[in-house]
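Structure data follow from upload.cif (mmCIF, C-alpha atoms and all ligand atoms):
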```
data_model
#
loop_
_atom_site.label_atom_id
_atom_site.label_comp_id
_atom_site.auth_asym_id
_atom_site.auth_seq_id
_atom_site.Cartn_x
_atom_site.Cartn_y
_atom_site.Cartn_z
CA MET A 1 121.58 84.41 116.42
CA LYS A 2 118.50 84.98 114.25
CA ARG A 3 117.82 88.58 113.31
CA GLN A 4 114.41 89.88 114.33
CA ASP A 5 112.81 92.21 111.81
CA PRO A 6 111.30 95.29 113.47
CA ALA A 7 107.51 95.42 113.59
CA PRO A 8 106.07 97.68 110.87
CA ALA A 9 105.15 101.15 112.09
CA ASP A 10 101.47 101.87 112.59
CA PRO A 11 100.33 103.87 109.53
CA ILE A 12 97.38 105.17 111.53
CA ASP A 13 98.04 108.22 113.68
CA ARG A 14 96.13 107.49 116.87
CA SER A 15 97.64 110.37 118.84
CA GLY A 16 95.76 113.34 120.26
CA LEU A 17 92.28 111.83 119.91
CA ARG A 18 89.48 112.47 122.39
CA PRO A 19 89.93 110.03 125.30
CA GLU A 20 87.88 106.85 124.81
CA PHE A 21 85.96 108.60 122.02
CA TRP A 22 84.48 105.27 120.83
CA ARG A 23 82.62 104.91 124.15
CA ARG A 24 81.47 108.51 124.36
CA PHE A 25 80.33 109.37 120.86
CA PRO A 26 78.25 107.56 118.24
CA LEU A 27 79.94 106.65 114.95
CA GLU A 28 78.26 109.50 113.10
CA GLU A 29 79.80 112.04 115.48
CA LEU A 30 83.40 110.93 115.14
CA THR A 31 85.98 113.14 113.52
CA ARG A 32 87.70 111.85 110.41
CA ARG A 33 90.84 110.94 112.38
CA GLU A 34 88.81 109.12 115.02
CA TRP A 35 86.99 107.22 112.30
CA GLU A 36 90.27 106.11 110.75
CA ALA A 37 91.74 105.25 114.16
CA LEU A 38 88.96 102.72 114.75
CA CYS A 39 90.40 100.40 112.13
CA ASP A 40 92.27 97.61 113.91
CA GLY A 41 94.39 96.83 110.85
CA CYS A 42 93.22 93.23 110.56
CA GLY A 43 92.83 93.50 106.78
CA LYS A 44 90.01 90.98 106.78
CA CYS A 45 87.67 93.29 104.89
CA CYS A 46 90.19 93.11 102.04
CA LEU A 47 89.76 89.37 101.62
CA LEU A 48 87.79 88.27 98.58
CA LYS A 49 84.23 87.30 99.37
CA LEU A 50 81.65 85.14 97.67
CA GLU A 51 77.96 85.94 97.71
CA ASP A 52 75.25 83.33 97.33
CA GLU A 53 73.07 84.66 94.52
CA ASP A 54 69.92 83.12 95.99
CA THR A 55 70.26 83.89 99.68
CA GLY A 56 72.59 86.90 99.57
CA GLU A 57 74.80 85.20 102.17
CA VAL A 58 78.40 86.43 102.04
CA VAL A 59 81.33 84.20 102.94
CA TYR A 60 84.99 85.13 103.22
CA THR A 61 87.90 83.45 101.52
CA SER A 62 91.56 83.53 102.56
CA VAL A 63 92.42 85.11 99.20
CA ALA A 64 93.54 88.69 99.59
CA CYS A 65 92.81 91.60 97.28
CA ARG A 66 95.71 92.08 94.90
CA LEU A 67 96.59 95.38 96.57
CA LEU A 68 96.78 94.02 100.11
CA ASP A 69 100.26 93.72 101.57
CA LEU A 70 100.22 90.18 102.96
CA GLY A 71 102.90 91.01 105.51
CA THR A 72 101.39 94.12 107.06
CA CYS A 73 97.72 93.38 106.24
CA ARG A 74 97.50 96.95 104.96
CA CYS A 75 96.37 98.30 101.63
CA GLY A 76 99.33 98.78 99.30
CA ASN A 77 97.97 102.12 98.10
CA TYR A 78 95.33 103.41 100.47
CA PRO A 79 94.91 106.89 98.90
CA LEU A 80 94.36 105.47 95.39
CA ARG A 81 92.59 102.26 96.33
CA ARG A 82 89.31 103.11 94.61
CA GLN A 83 91.04 103.95 91.33
CA LEU A 84 93.25 100.85 91.39
CA VAL A 85 90.72 98.23 92.46
CA ALA A 86 87.26 98.63 90.98
CA GLY A 87 85.63 96.39 93.59
CA CYS A 88 87.13 98.19 96.59
CA VAL A 89 84.33 99.40 98.84
CA VAL A 90 85.32 102.32 101.04
CA MET A 91 83.23 102.27 104.18
CA ASN A 92 82.00 105.62 105.43
CA ARG A 93 79.12 107.04 107.41
CA ASP A 94 76.90 107.17 104.32
CA ASN A 95 77.17 103.52 103.31
CA LEU A 96 77.73 102.03 106.77
CA GLU A 97 74.23 100.59 107.11
CA GLU A 98 74.46 99.05 103.64
CA ILE A 99 77.68 97.14 104.15
CA ILE A 100 78.13 96.67 107.89
CA ASP A 101 76.72 93.12 107.82
CA TRP A 102 79.42 92.13 105.33
CA MET A 103 82.17 93.20 107.67
CA PRO A 104 83.94 90.61 109.84
CA ARG A 105 82.39 90.10 113.26
CA SER A 106 85.63 91.33 114.88
CA CYS A 107 85.61 94.60 112.91
CA ALA A 108 85.64 97.60 115.24
CA TYR A 109 83.05 99.45 113.17
CA ARG A 110 80.70 96.49 113.29
CA LEU A 111 81.21 96.00 117.02
CA LEU A 112 80.40 99.63 117.80
CA HIS A 113 77.54 99.74 115.30
CA ASP A 114 76.02 96.70 117.04
CA GLY A 115 76.36 98.30 120.48
CA HIS A 116 79.48 96.48 121.70
CA ASP A 117 82.76 97.84 123.03
CA LEU A 118 86.13 97.37 121.34
CA GLU A 119 87.90 94.11 122.10
CA ASP A 120 90.79 94.25 124.55
CA TRP A 121 93.32 93.50 121.78
CA HIS A 122 92.35 96.59 119.76
CA PRO A 123 95.28 98.99 119.17
CA LEU A 124 93.28 101.83 120.72
CA ILE A 125 93.22 99.83 123.96
CA THR A 126 96.71 98.33 123.82
CA GLY A 127 98.53 101.24 122.17
CA ASP A 128 100.24 98.67 119.95
CA PRO A 129 99.18 97.97 116.32
CA GLU A 130 100.72 94.49 116.56
CA SER A 131 98.21 93.42 119.21
CA THR A 132 95.62 92.67 116.51
CA HIS A 133 97.96 90.15 114.93
CA ARG A 134 99.18 88.68 118.23
CA ALA A 135 95.56 88.00 119.17
CA GLY A 136 95.18 85.98 115.95
CA ILE A 137 92.52 88.31 114.59
CA SER A 138 94.18 89.00 111.26
CA LEU A 139 95.04 86.32 108.74
CA ARG A 140 98.69 87.37 108.57
CA GLY A 141 100.66 84.41 107.29
CA ARG A 142 97.51 82.53 106.31
CA MET A 143 96.40 84.45 103.22
CA THR A 144 96.84 83.62 99.56
CA ALA A 145 97.57 86.28 96.97
CA GLU A 146 94.82 86.96 94.46
CA TYR A 147 97.29 86.45 91.62
CA ASP A 148 97.89 82.86 92.74
CA VAL A 149 94.27 81.75 92.64
CA ASP A 150 92.07 81.07 89.66
CA GLU A 151 88.71 82.81 90.09
CA ASP A 152 86.92 79.49 89.54
CA ASP A 153 88.77 78.01 92.51
CA LEU A 154 87.79 80.68 95.04
CA GLU A 155 85.29 78.34 96.71
CA ASP A 156 88.21 76.13 97.77
CA HIS A 157 89.47 78.99 99.94
CA VAL A 158 86.32 79.77 101.93
CA ILE A 159 87.05 80.46 105.61
CA GLU A 160 83.60 81.33 106.92
CA ASP A 161 84.41 80.24 110.49
CA GLN A 162 87.27 82.70 110.88
CA CYS A 163 85.46 85.94 110.11
S1 LIG B 1 87.70 94.56 109.02
FE1 LIG B 1 87.28 96.52 109.99
S2 LIG B 1 88.90 96.74 111.52
FE2 LIG B 1 89.59 95.14 110.07
S3 LIG B 1 90.80 96.23 108.52
FE3 LIG B 1 88.68 96.17 107.78
S4 LIG B 1 87.76 98.10 108.47
FE4 LIG B 1 89.63 97.77 109.65
S1 LIG B 2 92.19 98.16 97.32
FE1 LIG B 2 90.55 98.12 98.85
S2 LIG B 2 90.13 95.92 99.17
FE2 LIG B 2 92.13 96.09 98.15
S3 LIG B 2 93.65 96.10 99.78
FE3 LIG B 2 93.17 98.26 99.32
S4 LIG B 2 91.52 98.81 100.76
FE4 LIG B 2 91.66 96.55 100.70
#
```

Final structure tokens representation of the file:
Amino acid sequence: MKRQDPAPADPIDRSGLRPEFWRRFPLEELTRREWEALCDGCGKCCLLKLEDEDTGEVVYTSVACRLLDLGTCRCGNYPLRRQLVAGCVVMNRDNLEEIIDWMPRSCAYRLLHDGHDLEDWHPLITGDPESTHRAGISLRGRMTAEYDVDEDDLEDHVIEDQC
């Protein structure tokens, strides 16, 4: 019989938050824990992106930041991410307006910012961090490690339709 590996534990503590806080309070009024709990764990914002210099259009690739754990879709060192990866952009209330249009359309922050509700697969709805992956929202199993791709070949990995 094939052994089933246990699902990784949710690194985000989503306990004890105000009930349905995302429907009752605007993003700028969320506590720090509520803000963190909004992340669905898809990891798509950690995929390398290409920007058209003329139009400013941003497209995603399936190539993951070197610090992203391809199995869990989580940052390999969340507390030190800014120090370890110069290009890592940490989204917060102050830069939200600047970068929200770069975020994937499925991103919880973008959905709420644009006046939508969370999707029914979101861990805050399901109570299960794996629901993001089961719904096919993350690119788990479909990403390429940054180390395996030459920078000049990034265009070959564009996945604009999936984000
Ligand atoms: S795209 Fe949004 S929801 Fe997904 S990991 Fe990034 S911040 Fe979290
Ligand atoms: S360093 Fe930043 S972009 Fe890279 S995996 Fe961590 S959070 Fe994502």

- Query: Which is closer to ligand LIG 1 (chain B) than all the others in A:Asp114, A:Asp52, A:Glu20, A:Asp40, using only C-alpha atoms and all ligand atoms?
  - Reply: A:Asp40

- Message: At a cut-off of 10 Å around ligand LIG 1 (chain B), and using all atoms listed in the file, what residues come up? Please write them as an MDAnalysis selection string.
- Response: chainID A and resid 35:47 73:75 90:92 100 102:111 122 132 137:138 163

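For the residues A:Asp13, A:Tyr60, A:Glu28, A:Pro79, ranking by smallest atom-to-atom distance to ligand LIG 2 (chain B) using only C-alpha atoms and all ligand atoms places A:Pro79 first.
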
- Could you list, as number ranges by chain, all the residues within 6 Å of ligand LIG 2 (chain B), counting all atoms listed in the file? A: 46, 65, 67-68, 75, 78, 81, 85, 88

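Atom to atom, CA of Val59 (chain A) and CA of Ala145 (chain A) stand 17.4 Å apart.
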
- Name the closest residue to Gly115 (chain A) among the candidates A:Ser15, A:Asp10, A:Trp22, A:Ile159; distances are taken between atoms, counting only C-alpha atoms. A:Trp22
